[in-house]
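Asks: What follows is input.txt, compact mmCIF, C-alpha atoms and all ligand atoms.
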# COMPACT_ATOMS: atom_id res chain seq x y z
CA MET O 242 270.64 -76.09 -117.81
CA GLN O 243 269.77 -79.74 -117.62
CA PRO O 244 270.39 -81.49 -120.93
CA LEU O 245 267.25 -81.65 -123.06
CA THR O 246 266.24 -84.15 -125.68
CA GLU O 247 265.25 -83.23 -129.20
CA LYS O 248 261.72 -84.37 -128.44
CA THR O 249 261.44 -82.08 -125.40
CA ILE O 250 262.71 -79.14 -127.41
CA ARG O 251 260.32 -79.69 -130.29
CA SER O 252 257.34 -79.90 -127.97
CA ALA O 253 258.34 -76.89 -125.82
CA PHE O 254 257.45 -74.12 -128.27
CA VAL O 255 254.85 -71.64 -127.08
CA ASN O 256 254.63 -69.57 -130.25
CA ALA O 257 255.29 -71.88 -133.18
CA SER O 258 253.00 -74.11 -135.19
CA ARG O 259 253.47 -77.84 -135.34
CA SER O 260 254.84 -77.63 -138.87
CA GLU O 261 257.34 -74.95 -137.84
CA THR O 262 258.68 -77.03 -134.96
CA LYS O 263 258.82 -80.08 -137.22
CA LYS O 264 260.90 -78.18 -139.75
CA LEU O 265 263.44 -76.78 -137.31
CA THR O 266 267.01 -78.00 -137.55
CA LEU O 267 268.90 -78.50 -134.32
CA PRO O 268 272.22 -76.71 -133.80
CA GLU O 269 275.15 -78.48 -135.42
CA ASN O 270 276.86 -78.96 -132.07
CA PHE O 271 273.76 -80.34 -130.35
CA ALA O 272 275.46 -83.60 -129.36
CA THR O 273 278.35 -81.84 -127.68
CA LEU O 274 276.63 -78.88 -126.05
CA ASP O 275 278.00 -77.73 -122.72
CA TRP O 276 274.60 -77.63 -121.01
CA GLU O 277 276.02 -76.89 -117.62
CA ASN O 278 277.26 -73.52 -118.80
CA LEU O 279 274.08 -72.46 -120.58
CA GLU O 280 271.24 -70.48 -119.05
CA TYR O 281 269.28 -71.01 -122.21
CA LEU O 282 269.86 -72.76 -125.49
CA GLY O 283 269.72 -70.40 -128.44
CA TRP O 284 270.67 -70.90 -132.04
CA ARG O 285 269.93 -69.88 -135.58
CA ASP O 286 268.40 -72.47 -137.84
CA PRO O 287 271.29 -73.76 -139.98
CA LYS O 288 268.94 -74.02 -142.97
CA MET O 289 266.91 -70.87 -142.32
CA PRO O 290 269.32 -68.45 -140.60
CA GLN O 291 266.62 -65.85 -140.28
CA ARG O 292 264.93 -68.08 -137.77
CA GLY O 293 266.26 -68.30 -134.27
CA TYR O 294 265.22 -70.48 -131.38
CA LEU O 295 265.51 -69.96 -127.68
CA VAL O 296 264.87 -72.76 -125.20
CA HIS O 297 264.80 -72.24 -121.45
CA SER O 298 264.01 -74.33 -118.39
CA ASN O 299 262.84 -72.37 -115.36
CA ALA O 300 263.16 -73.05 -111.64
CA ALA O 301 259.77 -74.76 -111.65
CA GLY O 302 261.15 -77.30 -114.10
CA GLN O 303 259.09 -75.96 -116.97
CA THR O 304 260.82 -75.94 -120.36
CA ARG O 305 259.58 -73.37 -122.86
CA ALA O 306 260.87 -72.45 -126.28
CA LEU O 307 260.41 -69.49 -128.61
CA LEU O 308 260.63 -69.11 -132.33
CA LEU O 309 262.25 -65.78 -133.20
CA ARG O 310 262.55 -64.04 -136.52
CA SER O 311 265.66 -62.07 -137.19
CA ALA O 312 264.98 -58.66 -138.64
CA ASP O 313 268.56 -58.01 -139.65
CA GLY O 314 268.87 -60.33 -142.60
CA THR O 315 271.25 -63.21 -142.92
CA ARG O 316 274.46 -61.50 -143.87
CA LYS O 317 274.18 -57.93 -142.80
CA ARG O 318 275.34 -57.60 -139.25
CA SER O 319 273.55 -55.23 -136.98
CA SER O 320 275.42 -52.66 -135.04
CA LEU O 321 276.85 -53.05 -131.60
CA ALA O 322 274.04 -52.54 -129.16
CA MET O 323 272.92 -53.87 -125.86
CA CYS O 324 271.42 -57.31 -125.65
CA ASP O 325 268.14 -57.45 -123.72
CA MET O 326 269.14 -60.71 -122.09
CA CYS O 327 272.75 -60.24 -120.94
CA ARG O 328 272.23 -56.49 -120.69
CA ASP O 329 274.82 -55.39 -118.17
CA VAL O 330 277.73 -57.13 -119.83
CA ASN O 331 280.12 -54.66 -121.30
CA ILE O 332 281.47 -56.85 -124.05
CA PRO O 333 281.32 -55.89 -127.68
CA CYS O 334 279.05 -58.39 -129.33
CA TYR O 335 276.83 -58.13 -132.36
CA VAL O 336 273.23 -57.85 -131.35
CA GLY O 337 270.39 -58.88 -133.60
CA VAL O 338 266.88 -57.50 -133.68
CA PHE O 339 264.37 -60.28 -133.39
CA SER O 340 260.62 -60.30 -133.58
CA THR O 341 258.67 -62.86 -131.67
CA ARG O 342 255.14 -63.87 -132.45
CA ARG O 343 252.97 -63.75 -129.32
CA ALA O 344 251.65 -67.02 -127.99
CA GLY O 345 248.07 -68.06 -128.63
CA GLN O 346 245.38 -65.97 -130.29
CA PRO O 347 247.27 -62.63 -130.17
CA GLY O 348 250.06 -64.28 -132.18
CA ARG O 349 247.61 -65.73 -134.67
CA ASP O 350 246.24 -62.21 -135.06
CA GLY O 351 249.73 -61.00 -135.94
CA ASP O 352 250.81 -59.53 -132.62
CA THR O 353 254.58 -59.64 -132.07
CA LEU O 354 257.13 -58.56 -129.49
CA GLY O 355 260.50 -57.19 -130.48
CA THR O 356 263.73 -57.82 -128.67
CA MET O 357 267.46 -57.50 -129.13
CA ILE O 358 269.59 -60.53 -128.42
CA CYS O 359 273.23 -61.33 -129.06
CA SER O 360 273.24 -62.16 -132.73
CA ASN O 361 274.28 -65.77 -132.28
CA PHE O 362 272.86 -66.21 -128.79
CA GLU O 363 276.23 -65.96 -127.04
CA CYS O 364 274.74 -64.55 -123.80
CA SER O 365 275.77 -67.48 -121.60
CA THR O 366 279.36 -67.17 -122.79
CA ASN O 367 279.36 -63.39 -122.38
CA VAL O 368 278.13 -63.34 -118.82
CA ARG O 369 280.94 -65.71 -117.83
CA ILE O 370 283.72 -63.41 -118.96
CA PRO O 371 284.92 -61.93 -115.68
CA PRO O 372 284.96 -58.14 -115.47
CA PRO O 373 288.22 -56.44 -114.58
CA LYS O 374 288.85 -56.30 -110.88
CA ASN O 375 288.25 -52.82 -109.46
CA ALA O 376 287.26 -51.03 -106.31
CA ILE O 377 283.54 -51.48 -106.88
CA TYR O 378 283.78 -55.14 -107.82
CA PRO O 379 286.60 -56.67 -105.82
CA ASP O 380 285.51 -60.19 -106.73
CA PRO O 381 284.81 -60.65 -110.44
CA MET O 382 283.32 -64.11 -109.87
CA VAL O 383 280.59 -62.64 -107.67
CA VAL O 384 279.69 -60.37 -110.57
CA VAL O 385 279.65 -63.36 -112.91
CA ALA O 386 277.34 -65.29 -110.56
CA GLU O 387 274.97 -62.31 -110.40
CA ARG O 388 274.94 -61.92 -114.16
CA ILE O 389 274.18 -65.61 -114.60
CA GLU O 390 271.20 -65.27 -112.30
CA LEU O 391 269.97 -62.10 -114.00
CA LEU O 392 270.29 -63.63 -117.45
CA ASP O 393 268.23 -66.60 -116.32
CA GLU O 394 265.55 -64.29 -114.89
CA ARG O 395 265.39 -62.07 -117.97
CA VAL O 396 265.01 -64.99 -120.34
CA ASN O 397 262.31 -66.48 -118.15
CA SER O 398 260.40 -63.22 -117.90
CA PHE O 399 260.70 -62.55 -121.63
CA ILE O 400 259.19 -65.94 -122.42
CA GLY O 401 256.45 -65.14 -119.90
CA ARG O 402 255.65 -61.92 -121.73
CA VAL O 403 255.35 -63.72 -125.05
ZN ZN R 501 273.20 -61.44 -124.89
Translate the structure described by the file into structure tokens.
Ligand SMILES: [Zn+2]

Replies:
Amino acid sequence: MQPLTEKTIRSAFVNASRSETKKLTLPENFATLDWENLEYLGWRDPKMPQRGYLVHSNAAGQTRALLLRSADGTRKRSSLAMCDMCRDVNIPCYVGVFSTRRAGQPGRDGDTLGTMICSNFECSTNVRIPPPKNAIYPDPMVVVAERIELLDERVNSFIGRV
């Protein structure tokens, strides 16, 4: 991802009100983020951990952000399941259930979409962990490159559905 400014992030939300985006708190490590190794920026609000944010820039240069609500509470960890974004990665990671208000009028009418995402939005890290070398995947880095591309596509298409 190209580094984004706070201003860009706050104005990129497709499903949050102005007051919600004003109230959001950036991730604590915002100044030192490793943008190059992120397909999307995701974090839980440090002050409202039940709120999560996901920011993505697509190939067309469009940056869009989502406000997500965690359904699993702040402390209780959900079970190990498969993340909808980094799906094919076989790495144990806690996955959270999130509900996403739809953009525009459907969202104002209460329509939401549910999704499961790595509880602390670790997808970009997960996809970079090389799989063990085996007969089917002789080059783990090729697998990593494919996963990176798929993660990017899934995030983009999920935002499109919202
Ligand atoms: Zn994930």

Asks: Would you mind listing the residues within 8 Å of ligand ZN 501 (chain R), counting all atoms listed in the file, as a PyMOL selection string?

Replies: chain O and resi 323-328+334+336+358-360+362-365+367

Asks: Might you pull out every residue within 10 Å of O:Asp352, with all atoms listed in the file counted and same-chain residues fewer than 2 positions away left off, and present them as a PDB file with C-alpha atoms, in the frame of the given file?

Replies:
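What follows is the written file around-v1.pdb:
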ATOM      1  CA  SER O 340     260.620 -60.300-133.580  1.00  0.00           C
ATOM      2  CA  THR O 341     258.670 -62.860-131.670  1.00  0.00           C
ATOM      3  CA  ARG O 342     255.140 -63.870-132.450  1.00  0.00           C
ATOM      4  CA  ARG O 343     252.970 -63.750-129.320  1.00  0.00           C
ATOM      5  CA  ALA O 344     251.650 -67.020-127.990  1.00  0.00           C
ATOM      6  CA  GLY O 345     248.070 -68.060-128.630  1.00  0.00           C
ATOM      7  CA  GLN O 346     245.380 -65.970-130.290  1.00  0.00           C
ATOM      8  CA  PRO O 347     247.270 -62.630-130.170  1.00  0.00           C
ATOM      9  CA  GLY O 348     250.060 -64.280-132.180  1.00  0.00           C
ATOM     10  CA  ARG O 349     247.610 -65.730-134.670  1.00  0.00           C
ATOM     11  CA  ASP O 350     246.240 -62.210-135.060  1.00  0.00           C
ATOM     12  CA  LEU O 354     257.130 -58.560-129.490  1.00  0.00           C
ATOM     13  CA  VAL O 403     255.350 -63.720-125.050  1.00  0.00           C
TER      14      VAL O 403
END

Asks: When distances are computed from all atoms listed in the file, which of O:Gly355, O:Lys263, O:Asn270, O:Gly302 shows the smallest separation from O:Arg402?

Replies: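 Comparing O:Gly355, O:Lys263, O:Asn270, O:Gly302 against O:Arg402, the winner is O:Gly355.
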
Asks: Using Å and a single decimal, report how far atom CA of O:Pro372 sits from atom CA of O:Met242.

Replies: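 So the two atoms, atom CA of O:Met242 and atom CA of O:Pro372, lie 23.1 Å apart.
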
Asks: Would you pick out the contacts of O:Ser252 at 12 Å or less, using all atoms listed in the file, so that residues sharing its chain but fewer than 2 positions from it are not included, and give the list as a PDB file with C-alpha atoms, keeping the file's coordinate frame?

Replies:
ATOM      1  CA  LEU O 245     267.250 -81.650-123.060  1.00  0.00           C
ATOM      2  CA  THR O 246     266.240 -84.150-125.680  1.00  0.00           C
ATOM      3  CA  GLU O 247     265.250 -83.230-129.200  1.00  0.00           C
ATOM      4  CA  LYS O 248     261.720 -84.370-128.440  1.00  0.00           C
ATOM      5  CA  THR O 249     261.440 -82.080-125.400  1.00  0.00           C
ATOM      6  CA  ILE O 250     262.710 -79.140-127.410  1.00  0.00           C
ATOM      7  CA  PHE O 254     257.450 -74.120-128.270  1.00  0.00           C
ATOM      8  CA  VAL O 255     254.850 -71.640-127.080  1.00  0.00           C
ATOM      9  CA  ASN O 256     254.630 -69.570-130.250  1.00  0.00           C
ATOM     10  CA  ALA O 257     255.290 -71.880-133.180  1.00  0.00           C
ATOM     11  CA  SER O 258     253.000 -74.110-135.190  1.00  0.00           C
ATOM     12  CA  ARG O 259     253.470 -77.840-135.340  1.00  0.00           C
ATOM     13  CA  SER O 260     254.840 -77.630-138.870  1.00  0.00           C
ATOM     14  CA  GLU O 261     257.340 -74.950-137.840  1.00  0.00           C
ATOM     15  CA  THR O 262     258.680 -77.030-134.960  1.00  0.00           C
ATOM     16  CA  LYS O 263     258.820 -80.080-137.220  1.00  0.00           C
ATOM     17  CA  LEU O 265     263.440 -76.780-137.310  1.00  0.00           C
ATOM     18  CA  VAL O 296     264.870 -72.760-125.200  1.00  0.00           C
ATOM     19  CA  GLN O 303     259.090 -75.960-116.970  1.00  0.00           C
ATOM     20  CA  THR O 304     260.820 -75.940-120.360  1.00  0.00           C
ATOM     21  CA  ARG O 305     259.580 -73.370-122.860  1.00  0.00           C
ATOM     22  CA  ALA O 306     260.870 -72.450-126.280  1.00  0.00           C
ATOM     23  CA  LEU O 307     260.410 -69.490-128.610  1.00  0.00           C
TER      24      LEU O 307
END

Asks: Can you tell me how far atom CA of O:Met357 sits from atom CA of O:Lys264, in Å to one decimal?

Replies: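 One can read the atom CA of O:Met357 to atom CA of O:Lys264 distance as 24.2 Å.
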
Asks: Just to confirm, what's the straight-line distance from atom CA of O:Gly293 to atom CA of O:Leu279 in Å (one decimal)?

Replies: 16.3 Å

Asks: Which one of O:Pro244, O:Asp380, O:Pro333, O:Asp393 sits closest to O:Leu274 if you count only C-alpha atoms?

Replies: O:Pro244
